[in-house]
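J.: My structure is stored as entry.cif, with mmCIF, C-alpha atoms.
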data_protein
#
loop_
_atom_site.label_atom_id
_atom_site.label_comp_id
_atom_site.auth_asym_id
_atom_site.auth_seq_id
_atom_site.Cartn_x
_atom_site.Cartn_y
_atom_site.Cartn_z
CA MET D 1 12.00 0.17 -15.14
CA SER D 2 9.16 1.24 -12.87
CA SER D 3 8.92 -0.08 -9.33
CA THR D 4 5.73 -1.84 -8.39
CA VAL D 5 3.55 -2.13 -5.31
CA LYS D 6 1.58 -5.20 -4.29
CA PHE D 7 -2.00 -5.23 -2.99
CA ASN D 8 -3.36 -7.40 -0.19
CA ASN D 9 -4.93 -9.67 -2.82
CA GLY D 10 -1.64 -10.22 -4.65
CA VAL D 11 -2.30 -7.90 -7.61
CA THR D 12 0.65 -5.67 -8.47
CA MET D 13 0.55 -2.10 -9.78
CA PRO D 14 3.25 0.30 -11.03
CA GLY D 15 4.24 2.61 -8.19
CA ILE D 16 4.15 5.74 -10.35
CA GLY D 17 1.14 6.52 -12.53
CA LEU D 18 -0.19 9.46 -14.49
CA GLY D 19 -3.05 11.35 -12.88
CA VAL D 20 -5.51 13.35 -14.97
CA PHE D 21 -7.17 15.51 -12.28
CA GLN D 22 -8.60 18.69 -13.84
CA THR D 23 -7.13 17.73 -17.20
CA ALA D 24 -9.43 19.02 -19.93
CA PRO D 25 -10.78 16.29 -22.21
CA GLU D 26 -8.95 17.66 -25.27
CA GLU D 27 -5.64 17.59 -23.36
CA THR D 28 -6.17 14.20 -21.76
CA VAL D 29 -5.71 12.17 -24.95
CA THR D 30 -2.29 13.67 -25.62
CA ALA D 31 -1.15 13.44 -21.98
CA VAL D 32 -2.09 9.76 -21.71
CA GLN D 33 -0.58 8.89 -25.07
CA THR D 34 2.63 10.76 -24.18
CA ALA D 35 2.91 9.07 -20.79
CA LEU D 36 2.43 5.60 -22.21
CA GLU D 37 4.96 6.24 -24.97
CA LEU D 38 7.45 7.36 -22.29
CA GLY D 39 7.03 4.13 -20.34
CA TYR D 40 4.23 4.77 -17.86
CA ARG D 41 2.00 1.75 -17.39
CA HIS D 42 -0.50 3.12 -14.87
CA ILE D 43 -3.22 5.70 -15.54
CA ASP D 44 -5.51 7.06 -12.81
CA THR D 45 -8.80 8.78 -13.60
CA THR D 46 -12.33 8.93 -12.22
CA ALA D 47 -15.84 9.30 -13.53
CA ALA D 48 -16.05 12.75 -11.94
CA TYR D 49 -13.14 14.07 -14.02
CA LEU D 50 -15.35 13.63 -17.08
CA ASN D 51 -12.39 12.47 -19.18
CA GLU D 52 -12.61 8.67 -19.11
CA ARG D 53 -13.38 8.53 -22.84
CA GLU D 54 -10.23 10.51 -23.56
CA VAL D 55 -8.13 8.27 -21.32
CA GLY D 56 -9.36 5.33 -23.41
CA GLU D 57 -8.57 7.16 -26.61
CA GLY D 58 -5.06 7.97 -25.39
CA LEU D 59 -4.52 4.31 -24.61
CA HIS D 60 -5.75 3.36 -28.07
CA ARG D 61 -3.53 5.91 -29.84
CA SER D 62 -0.44 4.88 -27.88
CA GLY D 63 -0.46 1.42 -29.40
CA VAL D 64 0.42 -0.10 -26.03
CA ARG D 65 -1.44 -3.34 -25.45
CA ARG D 66 -4.33 -3.13 -23.00
CA GLU D 67 -2.92 -5.93 -20.83
CA GLU D 68 0.26 -3.93 -20.26
CA VAL D 69 -1.53 -0.91 -18.76
CA PHE D 70 -2.98 -0.66 -15.25
CA ILE D 71 -6.21 1.35 -15.43
CA GLU D 72 -7.70 2.85 -12.29
CA THR D 73 -10.92 4.83 -11.99
CA LYS D 74 -13.48 5.77 -9.35
CA VAL D 75 -17.22 5.83 -8.81
CA TRP D 76 -18.66 9.28 -8.07
CA VAL D 77 -21.02 9.77 -5.10
CA THR D 78 -24.13 10.39 -7.21
CA ASP D 79 -23.78 6.79 -8.43
CA TYR D 80 -23.56 5.28 -4.94
CA GLY D 81 -25.96 2.51 -4.00
CA TYR D 82 -25.76 -1.15 -4.96
CA GLU D 83 -27.43 -1.21 -8.38
CA GLU D 84 -26.31 2.31 -9.16
CA THR D 85 -22.66 1.40 -8.60
CA LEU D 86 -22.92 -1.74 -10.73
CA HIS D 87 -24.17 0.51 -13.52
CA ALA D 88 -21.41 3.04 -12.80
CA PHE D 89 -18.87 0.32 -13.55
CA GLU D 90 -20.55 -0.34 -16.90
CA LYS D 91 -20.43 3.36 -17.77
CA SER D 92 -16.77 3.70 -16.90
CA ALA D 93 -15.69 0.51 -18.66
CA LYS D 94 -17.47 1.51 -21.87
CA LYS D 95 -16.02 5.03 -21.85
CA LEU D 96 -12.54 3.66 -21.24
CA GLY D 97 -13.04 1.03 -23.93
CA VAL D 98 -12.15 -1.92 -21.71
CA GLU D 99 -13.94 -4.99 -20.42
CA GLN D 100 -12.11 -5.26 -17.11
CA LEU D 101 -10.81 -2.56 -14.77
CA ASP D 102 -7.61 -3.10 -12.82
CA LEU D 103 -8.68 -1.00 -9.83
CA LEU D 104 -12.04 0.56 -9.00
CA LEU D 105 -12.41 2.90 -6.04
CA LEU D 106 -15.20 4.79 -4.32
CA HIS D 107 -14.24 8.43 -4.85
CA GLN D 108 -14.97 9.47 -1.27
CA PRO D 109 -17.44 8.79 1.53
CA LEU D 110 -20.94 10.15 1.22
CA THR D 111 -20.94 11.00 4.90
CA ALA D 112 -24.50 12.29 5.19
CA LYS D 113 -25.81 9.05 3.69
CA PHE D 114 -23.10 6.59 4.65
CA GLU D 115 -25.32 3.56 4.06
CA ARG D 116 -25.20 4.38 0.35
CA THR D 117 -21.41 4.30 0.59
CA ILE D 118 -21.64 0.84 2.18
CA GLN D 119 -23.98 -0.41 -0.54
CA ALA D 120 -21.69 1.02 -3.21
CA TYR D 121 -18.74 -0.87 -1.73
CA LYS D 122 -20.77 -4.07 -1.61
CA ALA D 123 -21.32 -3.60 -5.34
CA LEU D 124 -17.54 -3.34 -5.75
CA GLU D 125 -17.25 -6.64 -3.88
CA LYS D 126 -19.68 -8.19 -6.38
CA LEU D 127 -17.67 -6.85 -9.32
CA LEU D 128 -14.50 -8.26 -7.81
CA ALA D 129 -16.07 -11.67 -7.27
CA ASP D 130 -17.31 -11.68 -10.86
CA GLY D 131 -13.87 -10.80 -12.25
CA ALA D 132 -15.04 -7.48 -13.70
CA VAL D 133 -12.35 -5.73 -11.64
CA ARG D 134 -9.02 -7.04 -10.38
CA ALA D 135 -8.97 -5.00 -7.17
CA ILE D 136 -11.23 -2.61 -5.27
CA GLY D 137 -10.67 0.19 -2.83
CA VAL D 138 -11.64 3.56 -1.44
CA SER D 139 -10.48 7.15 -1.51
CA ASN D 140 -10.47 9.88 1.12
CA LEU D 141 -11.62 7.66 3.99
CA VAL D 142 -10.40 8.90 7.39
CA PRO D 143 -9.77 6.27 10.12
CA ALA D 144 -13.27 6.43 11.61
CA ARG D 145 -14.95 6.06 8.19
CA LEU D 146 -12.60 3.24 7.28
CA ASP D 147 -13.47 1.38 10.48
CA ALA D 148 -17.18 1.89 9.79
CA LEU D 149 -16.84 0.50 6.28
CA LEU D 150 -14.77 -2.50 7.38
CA ALA D 151 -17.41 -3.37 10.00
CA GLU D 152 -20.13 -3.68 7.33
CA THR D 153 -18.25 -5.31 4.42
CA ASP D 154 -16.22 -8.43 3.71
CA VAL D 155 -13.32 -7.47 1.43
CA VAL D 156 -10.60 -5.26 2.89
CA PRO D 157 -9.88 -2.45 0.40
CA ALA D 158 -6.69 -2.90 -1.59
CA VAL D 159 -6.12 0.88 -1.65
CA ASN D 160 -7.06 4.05 0.18
CA GLN D 161 -6.19 7.00 -2.05
CA ILE D 162 -5.66 10.18 -0.02
CA GLU D 163 -4.12 13.63 -0.25
CA LEU D 164 -0.53 13.05 0.78
CA HIS D 165 2.61 15.13 0.18
CA PRO D 166 5.48 16.45 2.34
CA TYR D 167 3.33 19.20 3.87
CA ASN D 168 0.55 16.73 4.71
CA ILE D 169 1.83 13.24 5.51
CA ARG D 170 -1.33 11.94 7.24
CA ALA D 171 0.62 9.77 9.71
CA GLU D 172 -2.45 8.51 11.60
CA LEU D 173 -4.28 7.56 8.42
CA GLN D 174 -1.21 5.93 6.91
CA ALA D 175 -0.86 3.88 10.10
CA LYS D 176 -4.53 2.84 9.93
CA ASN D 177 -4.11 1.75 6.32
CA THR D 178 -1.00 -0.26 7.22
CA GLU D 179 -2.79 -1.87 10.16
CA HIS D 180 -5.35 -3.34 7.77
CA GLY D 181 -2.94 -4.17 4.94
CA ILE D 182 -4.32 -1.35 2.76
CA LEU D 183 -1.94 0.35 0.34
CA THR D 184 -1.73 4.12 0.73
CA GLN D 185 -1.94 5.89 -2.62
CA ALA D 186 -1.16 9.61 -2.79
CA TRP D 187 -3.23 12.07 -4.75
CA SER D 188 -1.62 15.49 -5.11
CA PRO D 189 1.63 13.63 -4.35
CA ILE D 190 3.89 16.62 -5.05
CA GLY D 191 1.61 19.16 -3.34
CA GLY D 192 -0.08 20.67 -6.38
CA ILE D 193 -3.38 20.99 -4.53
CA ARG D 194 -1.83 23.81 -2.48
CA SER D 195 -1.14 25.77 -5.66
CA TYR D 196 -4.70 25.18 -6.91
CA ASN D 197 -6.00 26.53 -3.60
CA GLY D 198 -3.87 29.66 -3.89
CA GLU D 199 -1.61 28.90 -0.93
CA PRO D 200 1.70 30.82 -1.05
CA THR D 201 3.99 27.90 -0.20
CA ASN D 202 4.11 24.35 -1.46
CA PRO D 203 6.59 21.45 -1.53
CA LEU D 204 7.63 22.24 -5.10
CA LYS D 205 9.29 25.41 -3.78
CA ASP D 206 10.54 24.03 -0.47
CA THR D 207 14.20 24.85 0.27
CA THR D 208 14.86 21.67 2.28
CA ILE D 209 13.69 19.51 -0.59
CA ARG D 210 15.62 21.65 -3.08
CA ALA D 211 18.83 21.17 -1.09
CA ILE D 212 18.33 17.39 -1.08
CA GLY D 213 17.65 17.40 -4.81
CA GLU D 214 20.76 19.39 -5.63
CA GLY D 215 22.86 16.54 -4.31
CA TYR D 216 21.35 14.19 -6.88
CA GLY D 217 20.74 16.59 -9.75
CA LYS D 218 17.00 16.18 -9.26
CA THR D 219 14.05 18.58 -9.01
CA ASN D 220 11.80 18.98 -5.98
CA ALA D 221 9.11 16.97 -7.74
CA GLN D 222 11.50 14.11 -8.44
CA VAL D 223 12.74 14.04 -4.84
CA ILE D 224 9.17 13.99 -3.53
CA LEU D 225 8.15 11.15 -5.83
CA ARG D 226 11.23 9.20 -4.77
CA TRP D 227 10.20 9.82 -1.12
CA HIS D 228 6.84 8.22 -1.84
CA ILE D 229 8.36 5.23 -3.62
CA GLN D 230 10.88 4.46 -0.90
CA GLN D 231 8.17 4.55 1.76
CA GLY D 232 6.09 2.00 -0.12
CA ARG D 233 3.34 4.26 -1.45
CA SER D 234 1.81 4.67 -4.88
CA ALA D 235 1.88 8.16 -6.37
CA ILE D 236 -0.05 9.58 -9.32
CA PRO D 237 1.41 12.96 -10.34
CA LYS D 238 -0.62 14.95 -12.85
CA SER D 239 0.80 16.93 -15.77
CA ILE D 240 -0.07 17.77 -19.36
CA ASN D 241 3.45 19.00 -20.11
CA ALA D 242 5.51 16.35 -21.94
CA GLU D 243 8.77 17.38 -20.27
CA ARG D 244 7.24 17.22 -16.79
CA ILE D 245 5.53 13.92 -17.55
CA ALA D 246 8.94 12.54 -18.51
CA ALA D 247 10.68 14.08 -15.49
CA ASN D 248 8.12 12.64 -13.07
CA PHE D 249 8.99 9.18 -14.36
CA ASP D 250 12.76 9.73 -14.08
CA VAL D 251 12.97 8.80 -10.40
CA PHE D 252 14.41 5.30 -10.44
CA ASP D 253 18.13 6.09 -10.70
CA PHE D 254 18.81 7.50 -7.22
CA GLU D 255 17.99 6.65 -3.61
CA LEU D 256 17.34 8.94 -0.66
CA THR D 257 19.03 8.24 2.67
CA ASN D 258 17.03 7.53 5.82
CA ASP D 259 18.06 10.97 7.11
CA GLU D 260 16.77 12.64 3.95
CA LEU D 261 13.47 10.76 4.20
CA ALA D 262 13.14 11.91 7.81
CA ARG D 263 13.91 15.52 6.88
CA ILE D 264 11.10 15.44 4.32
CA ASP D 265 8.72 13.82 6.82
CA ALA D 266 9.49 16.65 9.25
CA LEU D 267 8.06 19.22 6.83
CA ASP D 268 4.51 18.12 7.68
CA THR D 269 2.21 20.99 8.63
CA GLY D 270 -0.82 18.89 9.52
CA ASP D 271 -2.95 21.09 7.28
CA THR D 272 -5.40 18.62 5.76
CA LEU D 273 -8.28 19.47 3.45
CA ASP D 274 -11.44 18.35 5.28
CA ILE D 275 -12.96 16.29 2.51
CA ASP D 276 -14.89 14.16 5.01
CA ASN D 277 -17.27 17.03 5.72
CA LEU D 278 -17.68 18.40 2.21
CA ASP D 279 -21.22 18.51 0.84
CA VAL D 280 -20.13 16.63 -2.26
CA GLU D 281 -23.67 16.13 -3.56
CA SER D 282 -23.88 19.88 -4.10
CA PHE D 283 -20.96 19.87 -6.56
CA GLY D 284 -23.34 19.46 -9.48
CA ILE D 285 -21.30 16.71 -11.16
CA VAL D 286 -23.49 14.42 -13.24
CA ILE D 287 -21.99 11.27 -14.71
CA ASP D 288 -23.44 10.78 -18.15
CA GLU D 289 -24.15 7.48 -19.85
CA ALA D 290 -21.50 5.84 -21.98
#
Before we go any further, please render this structure as structure tokens.
T.:
Amino acid sequence: MSSTVKFNNGVTMPGIGLGVFQTAPEETVTAVQTALELGYRHIDTTAAYLNEREVGEGLHRSGVRREEVFIETKVWVTDYGYEETLHAFEKSAKKLGVEQLDLLLLHQPLTAKFERTIQAYKALEKLLADGAVRAIGVSNLVPARLDALLAETDVVPAVNQIELHPYNIRAELQAKNTEHGILTQAWSPIGGIRSYNGEPTNPLKDTTIRAIGEGYGKTNAQVILRWHIQQGRSAIPKSINAERIAANFDVFDFELTNDELARIDALDTGDTLDIDNLDVESFGIVIDEA
């Protein structure tokens, strides 16, 4: 049975979900269907992954009832602005094949034109008030950006989804989220982003984590996911491999000690990808119509 986390508006969400970052459309259907058949009840995607249709198809093929699955997606920066974001919701909902989204986030701040980020969030507030979404939030907002958004809006985000794994624990940002009652959700929760970036070391090969896992008969990935769960975070590991999808969900039958949690925390390198200053409008991602 999956653990759950609770938002500041009372909505609950499974603590472990399937992420589909960089999952090709043709592989997404199978990955989502497999995860749901294995017991996952939380799927995280985004418009910018260009696989929302396939997430919806995987849900359909699984036979799991819509009301049993927590669906999370995000608005991409080229759809920021009040009316634009309202339309972005319509595009995502149609592609996913649902009428209501469980959680809708802004993918990241558009720092050069932050007013558009504010207007996009105000559109999320409208969607929440109308019942089109059950909860709203943000992604990749550093403390200063979060403060700026909170100063201009009314609804405190339910979630701030950020890069977070044992080599990058983001203590200051986690503390800021906690201060405002915002749930921290980890993308790249087991450190996969380091492999994508060609870095030679990552938490999946870490010897400290391996030694902890050996005591429980668990892999590095399973230990890391358990670390997230016990510290009250949501984690969305990505995989298209059925065995790994299953293994990432097999983390509810052991418990790390406080010393083990501290040993994992101590692995932090402070090496954070500077998403706040990326020129995201130059990425060339265009979100098509549904």
J.: I would like the residues chosen by the PyMOL selection byres ((chain D and resi 90-96) around 6) on the shown file; could you give them as a ChimeraX atom specification?
T.: /D:52-53,56,87-89,97-98,289-290
J.: For a test of reading the model, state the distance in Å between CA of Arg134 (chain D) and CA of Lys74 (chain D), rounded to one decimal.
T.: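 Calculated distance between CA of Arg134 (chain D) and CA of Lys74 (chain D) is 13.6 Å.
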J.: List the neighbours of region 171-183 of chain D out to 7 Å using only C-alpha atoms; skip same-chain residues closer than 5 positions along the sequence, and give me the result as a ChimeraX atom specification.
T.: /D:7-8,142-143,157-160,233
J.: The PyMOL selection byres ((chain D and resi 165) around 12) on the file shown: which residues, as a PyMOL selection string?
T.: chain D and resi 162-164+166-171+184-194+202-204+206+209+220-221+223-228+233-237+264-272
J.: Could you state which residues are captured by the PyMOL selection byres ((chain D and resi 29) around 8) in this file, as a list in words?
T.: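 Applied to this file, the PyMOL selection byres ((chain D and resi 29) around 8) selects Pro25, Glu26, Glu27, Thr28, Thr30, Ala31, Val32, Gln33, Glu54, Val55, Gly56, Glu57, Gly58 and Leu59 of chain D.
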J.: Mind checking which residues fall within 10 Å of region 277-283 of chain D, counting only C-alpha atoms, ignoring those fewer than 6 positions away in the same chain, and posting them as a PyMOL selection string?
T.: chain D and resi 76-78+108-112
J.: Looking at D:Ile287, D:Leu103, D:Ala247, D:Val155, which one is nearest to Glu84 (chain D), with distances taken over only C-alpha atoms?
T.: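 Closest residue, counting only C-alpha atoms: D:Ile287.
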J.: What is the distance, in Å and to one decimal place, between CA of Ser239 (chain D) and CA of Leu124 (chain D)?
T.: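 Taking CA of Ser239 (chain D) and CA of Leu124 (chain D), their separation equals 29.1 Å.
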J.: Between CA of Met13 (chain D) and CA of Gln230 (chain D), what is the spacing in Å?
T.: 15.1 Å
J.: From the set D:Ala24, D:Ala35, D:Ile43, D:Ala262, which residue has the shortest atom-to-atom contact distance to Phe249 (chain D), counting all atoms listed in the file?
T.: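 Closest to Phe249 (chain D) of all the choices is D:Ala35.
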